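Report on the following structure.
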Amino acid sequence: MNFDVDVKAEIHLYGKEEVDEHNNIYARNTPAKSFVYRPHHKIFDNYLTTGIHFYNQSEVNPGETVEGTIKFLAPSEYPNSLWIDKKIDIQEGYKVVGYAIIKEIYNKVLEKE
């Protein structure tokens, strides 16, 4: 598998104090581990893809914000979909558990012109 990352992002996982079930926002119960955590990412309102997270530390606790990178699955299926400062939801199934704000785009296929 090619582990060249696609984007650099500010990644936030919602904490218990941020839970809002009415708006589908939930908190994880455990930390997310770098290189192991593979949530869904809402690229468009009607399109989810999976990605692997790599953090600047070994794990991220609920309620924490870190800098990290993401390697998406099949980016050629959703070209020109990202731009700097775009906010994308991080989901586990239907539950939104965080967000990523795009800071750099390394894979130019994803970059909106």
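To be explicit about the labels: the chains of the structure tokens are called A, B, and onward in the order shown, and within each one the residues are counted from 1, while ligands get numbers from 1 in the order they are shown.
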Skip Gln91 (chain A) itself and residues of its chain fewer than 4 positions away, then list as a list of chain:residue names all residues within 10 Å of it, counting only C-alpha atoms.
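Using only C-alpha atoms, the neighbours found are A:Leu13, A:Asn24, A:Ile25, A:Tyr26, A:Arg38, A:Pro39, A:His40, A:His41, A:Lys42, A:Leu48, A:Thr49, A:Thr50, A:Lys95, A:Val96, A:Val97, A:Gly98, A:Tyr99.
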Identify all residues of region 6-109 of chain A in helix (DSSP H, G or I) (DSSP on the backbone) and supply them as a list in words.
Lys16, Glu17, Glu18, Glu21, His22, Asn23, Pro75, Ser76 and Glu77 of chain A
Export N, CA, C and O atoms of the chosen residues as a PDB file, in the first residue's frame?
```pdb
ATOM      1  N   LYS A  16     -16.830  14.929  25.319  1.00  0.00           N
ATOM      2  CA  LYS A  16     -18.166  14.718  25.897  1.00  0.00           C
ATOM      3  C   LYS A  16     -18.939  16.018  26.081  1.00  0.00           C
ATOM      4  O   LYS A  16     -20.152  16.047  25.949  1.00  0.00           O
ATOM      5  N   GLU A  17     -18.239  17.110  26.377  1.00  0.00           N
ATOM      6  CA  GLU A  17     -18.908  18.391  26.575  1.00  0.00           C
ATOM      7  C   GLU A  17     -19.443  18.981  25.269  1.00  0.00           C
ATOM      8  O   GLU A  17     -20.243  19.915  25.290  1.00  0.00           O
ATOM      9  N   GLU A  18     -19.035  18.434  24.132  1.00  0.00           N
ATOM     10  CA  GLU A  18     -19.471  18.927  22.833  1.00  0.00           C
ATOM     11  C   GLU A  18     -20.594  18.081  22.214  1.00  0.00           C
ATOM     12  O   GLU A  18     -21.095  18.420  21.142  1.00  0.00           O
ATOM     13  N   GLU A  21     -26.600  15.359  20.267  1.00  0.00           N
ATOM     14  CA  GLU A  21     -27.243  14.299  19.493  1.00  0.00           C
ATOM     15  C   GLU A  21     -28.255  14.840  18.492  1.00  0.00           C
ATOM     16  O   GLU A  21     -28.461  14.246  17.440  1.00  0.00           O
ATOM     17  N   HIS A  22     -28.874  15.986  18.813  1.00  0.00           N
ATOM     18  CA  HIS A  22     -29.824  16.613  17.890  1.00  0.00           C
ATOM     19  C   HIS A  22     -29.134  16.953  16.564  1.00  0.00           C
ATOM     20  O   HIS A  22     -29.742  16.886  15.494  1.00  0.00           O
ATOM     21  N   ASN A  23     -27.859  17.338  16.626  1.00  0.00           N
ATOM     22  CA  ASN A  23     -27.086  17.668  15.424  1.00  0.00           C
ATOM     23  C   ASN A  23     -26.122  16.550  15.023  1.00  0.00           C
ATOM     24  O   ASN A  23     -25.183  16.794  14.263  1.00  0.00           O
ATOM     25  N   PRO A  75      -8.756   8.767  -3.990  1.00  0.00           N
ATOM     26  CA  PRO A  75      -9.028  10.188  -4.247  1.00  0.00           C
ATOM     27  C   PRO A  75      -9.384  10.516  -5.697  1.00  0.00           C
ATOM     28  O   PRO A  75     -10.027  11.532  -5.947  1.00  0.00           O
ATOM     29  N   SER A  76      -9.028   9.655  -6.630  1.00  0.00           N
ATOM     30  CA  SER A  76      -9.380   9.925  -8.034  1.00  0.00           C
ATOM     31  C   SER A  76     -10.889   9.849  -8.266  1.00  0.00           C
ATOM     32  O   SER A  76     -11.385  10.337  -9.288  1.00  0.00           O
ATOM     33  N   GLU A  77     -11.637   9.295  -7.304  1.00  0.00           N
ATOM     34  CA  GLU A  77     -13.094   9.201  -7.424  1.00  0.00           C
ATOM     35  C   GLU A  77     -13.797  10.513  -7.037  1.00  0.00           C
ATOM     36  O   GLU A  77     -14.992  10.668  -7.282  1.00  0.00           O
TER      37      GLU A  77
END
```
For Ser34 (chain A), the nearest of the candidates A:Glu59, A:Asp20, A:Asp85, A:Glu10, counting only C-alpha atoms
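Residue with the minimum atom-to-atom distance to Ser34 (chain A): A:Glu59.
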So which residues touch Thr69 (chain A) within 10 Å, counting only C-alpha atoms, skipping near sequence neighbours fewer than 5 positions away, as an mmCIF file with N, CA, C and O atoms, in the first residue's frame?
```
data_model
loop_
_atom_site.group_PDB
_atom_site.id
_atom_site.type_symbol
_atom_site.label_atom_id
_atom_site.label_comp_id
_atom_site.auth_asym_id
_atom_site.auth_seq_id
_atom_site.Cartn_x
_atom_site.Cartn_y
_atom_site.Cartn_z
ATOM 1 N N ASP A 4 1.804 7.587 0.868
ATOM 2 C CA ASP A 4 1.958 9.016 0.641
ATOM 3 C C ASP A 4 0.658 9.686 1.060
ATOM 4 O O ASP A 4 -0.413 9.317 0.594
ATOM 5 N N VAL A 5 0.759 10.650 1.947
ATOM 6 C CA VAL A 5 -0.453 11.291 2.459
ATOM 7 C C VAL A 5 -1.006 12.284 1.449
ATOM 8 O O VAL A 5 -0.284 12.797 0.597
ATOM 9 N N ASP A 6 -2.300 12.549 1.555
ATOM 10 C CA ASP A 6 -2.981 13.446 0.631
ATOM 11 C C ASP A 6 -3.088 14.873 1.144
ATOM 12 O O ASP A 6 -2.999 15.812 0.364
ATOM 13 N N VAL A 7 -3.317 15.028 2.449
ATOM 14 C CA VAL A 7 -3.499 16.371 3.019
ATOM 15 C C VAL A 7 -2.889 16.470 4.413
ATOM 16 O O VAL A 7 -2.723 15.467 5.107
ATOM 17 N N LYS A 8 -2.605 17.700 4.779
ATOM 18 C CA LYS A 8 -2.266 18.047 6.163
ATOM 19 C C LYS A 8 -3.492 18.768 6.705
ATOM 20 O O LYS A 8 -4.114 19.569 5.984
ATOM 21 N N ALA A 9 -3.856 18.478 7.952
ATOM 22 C CA ALA A 9 -5.079 19.068 8.496
ATOM 23 C C ALA A 9 -4.959 19.323 9.993
ATOM 24 O O ALA A 9 -4.166 18.690 10.684
ATOM 25 N N GLU A 10 -5.779 20.245 10.455
ATOM 26 C CA GLU A 10 -6.024 20.425 11.887
ATOM 27 C C GLU A 10 -7.188 19.488 12.189
ATOM 28 O O GLU A 10 -8.262 19.623 11.609
ATOM 29 N N ILE A 11 -6.959 18.527 13.065
ATOM 30 C CA ILE A 11 -7.947 17.488 13.336
ATOM 31 C C ILE A 11 -8.458 17.627 14.763
ATOM 32 O O ILE A 11 -7.665 17.710 15.702
ATOM 33 N N SER A 34 -2.730 7.037 16.128
ATOM 34 C CA SER A 34 -2.108 7.368 14.858
ATOM 35 C C SER A 34 -1.793 6.092 14.084
ATOM 36 O O SER A 34 -1.382 5.084 14.659
ATOM 37 N N PHE A 35 -2.025 6.123 12.778
ATOM 38 C CA PHE A 35 -1.769 5.034 11.840
ATOM 39 C C PHE A 35 -2.782 3.892 11.959
ATOM 40 O O PHE A 35 -2.845 3.035 11.102
ATOM 41 N N GLY A 51 -10.257 7.201 5.326
ATOM 42 C CA GLY A 51 -8.891 7.695 5.313
ATOM 43 C C GLY A 51 -8.157 7.237 6.554
ATOM 44 O O GLY A 51 -8.762 6.971 7.590
ATOM 45 N N ILE A 52 -6.849 7.138 6.435
ATOM 46 C CA ILE A 52 -5.999 6.776 7.563
ATOM 47 C C ILE A 52 -5.413 8.055 8.146
ATOM 48 O O ILE A 52 -4.882 8.887 7.414
ATOM 49 N N HIS A 53 -5.497 8.202 9.471
ATOM 50 C CA HIS A 53 -4.949 9.378 10.153
ATOM 51 C C HIS A 53 -3.549 9.109 10.672
ATOM 52 O O HIS A 53 -3.279 8.053 11.228
ATOM 53 N N PHE A 54 -2.690 10.102 10.508
ATOM 54 C CA PHE A 54 -1.341 10.093 11.073
ATOM 55 C C PHE A 54 -1.217 11.379 11.886
ATOM 56 O O PHE A 54 -1.333 12.478 11.330
ATOM 57 N N TYR A 55 -1.010 11.257 13.180
ATOM 58 C CA TYR A 55 -0.946 12.427 14.064
ATOM 59 C C TYR A 55 0.500 12.775 14.400
ATOM 60 O O TYR A 55 1.394 11.950 14.243
ATOM 61 N N ASN A 56 0.697 13.970 14.937
ATOM 62 C CA ASN A 56 2.022 14.377 15.388
ATOM 63 C C ASN A 56 2.293 13.870 16.805
ATOM 64 O O ASN A 56 3.191 14.363 17.481
ATOM 65 N N ALA A 100 -11.971 17.819 10.350
ATOM 66 C CA ALA A 100 -10.627 18.147 9.881
ATOM 67 C C ALA A 100 -10.717 19.420 9.060
ATOM 68 O O ALA A 100 -11.603 19.550 8.214
ATOM 69 N N ILE A 102 -8.642 21.466 6.381
ATOM 70 C CA ILE A 102 -7.538 21.252 5.448
ATOM 71 C C ILE A 102 -6.569 22.437 5.503
ATOM 72 O O ILE A 102 -6.979 23.584 5.351
ATOM 73 N N LYS A 103 -5.285 22.132 5.709
ATOM 74 C CA LYS A 103 -4.251 23.169 5.798
ATOM 75 C C LYS A 103 -3.280 23.138 4.619
ATOM 76 O O LYS A 103 -2.773 24.163 4.212
ATOM 77 N N GLU A 104 -3.014 21.942 4.092
ATOM 78 C CA GLU A 104 -2.173 21.788 2.911
ATOM 79 C C GLU A 104 -2.702 20.610 2.109
ATOM 80 O O GLU A 104 -3.177 19.635 2.690
ATOM 81 N N ILE A 105 -2.590 20.709 0.784
ATOM 82 C CA ILE A 105 -3.022 19.619 -0.092
ATOM 83 C C ILE A 105 -1.795 19.132 -0.851
ATOM 84 O O ILE A 105 -1.202 19.885 -1.626
ATOM 85 N N TYR A 106 -1.403 17.893 -0.603
ATOM 86 C CA TYR A 106 -0.237 17.302 -1.260
ATOM 87 C C TYR A 106 -0.642 16.578 -2.545
ATOM 88 O O TYR A 106 0.139 16.529 -3.486
#
```
Please report the interatomic distance between CA of Lys108 (chain A) and CA of His12 (chain A) in Å with one decimal.
23.9 Å
List every residue of region 2-66 of chain A that DSSP, applied to the backbone, labels as strand (DSSP E or B), and write the result as a list of chain:residue names.
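Secondary structure check on region 2-66 of chain A, strand (DSSP E or B): A:Val7, A:Lys8, A:Ala9, A:Glu10, A:Ile11, A:His12, A:Leu13, A:Asp20, A:Ile25, A:Ala32, A:Lys33, A:His40, A:His41, A:Lys42, A:Ile43, A:Phe44, A:Tyr47, A:Leu48, A:Thr49, A:Thr50, A:Gly51, A:Ile52, A:His53, A:Phe54, A:Tyr55, A:Glu59, A:Val60, A:Thr65, A:Val66.
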Just C-alpha atoms for this one: save the residues we selected as a PDB file, in the first residue's frame.
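Generated output (result.pdb):
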```pdb
ATOM      1  CA  VAL A   7      -3.499  16.371   3.019  1.00  0.00           C
ATOM      2  CA  LYS A   8      -2.266  18.047   6.163  1.00  0.00           C
ATOM      3  CA  ALA A   9      -5.079  19.068   8.496  1.00  0.00           C
ATOM      4  CA  GLU A  10      -6.024  20.425  11.887  1.00  0.00           C
ATOM      5  CA  ILE A  11      -7.947  17.488  13.336  1.00  0.00           C
ATOM      6  CA  HIS A  12     -10.406  17.793  16.219  1.00  0.00           C
ATOM      7  CA  LEU A  13     -12.203  14.923  17.944  1.00  0.00           C
ATOM      8  CA  ASP A  20     -25.177  17.297  20.577  1.00  0.00           C
ATOM      9  CA  ILE A  25     -22.400  15.089  17.119  1.00  0.00           C
ATOM     10  CA  ALA A  32      -7.761   7.524  18.341  1.00  0.00           C
ATOM     11  CA  LYS A  33      -4.359   6.022  17.586  1.00  0.00           C
ATOM     12  CA  HIS A  40     -15.047   8.100   7.275  1.00  0.00           C
ATOM     13  CA  HIS A  41     -14.641  11.633   5.904  1.00  0.00           C
ATOM     14  CA  LYS A  42     -17.554  13.593   4.466  1.00  0.00           C
ATOM     15  CA  ILE A  43     -16.013  15.012   1.309  1.00  0.00           C
ATOM     16  CA  PHE A  44     -19.380  16.136  -0.121  1.00  0.00           C
ATOM     17  CA  TYR A  47     -20.108  11.317  -0.371  1.00  0.00           C
ATOM     18  CA  LEU A  48     -18.100   9.593   2.369  1.00  0.00           C
ATOM     19  CA  THR A  49     -14.643   8.090   1.955  1.00  0.00           C
ATOM     20  CA  THR A  50     -12.285   6.365   4.336  1.00  0.00           C
ATOM     21  CA  GLY A  51      -8.891   7.695   5.313  1.00  0.00           C
ATOM     22  CA  ILE A  52      -5.999   6.776   7.563  1.00  0.00           C
ATOM     23  CA  HIS A  53      -4.949   9.378  10.153  1.00  0.00           C
ATOM     24  CA  PHE A  54      -1.341  10.093  11.073  1.00  0.00           C
ATOM     25  CA  TYR A  55      -0.946  12.427  14.064  1.00  0.00           C
ATOM     26  CA  GLU A  59      -2.903   9.151  19.966  1.00  0.00           C
ATOM     27  CA  VAL A  60      -5.577  11.825  20.203  1.00  0.00           C
ATOM     28  CA  THR A  65      -7.162  19.163  18.531  1.00  0.00           C
ATOM     29  CA  VAL A  66      -3.927  18.172  16.802  1.00  0.00           C
TER      30      VAL A  66
END
```
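Taking CA of Lys87 (chain A) as the reference point, CA of Glu113 (chain A) is found at 17.1 Å.
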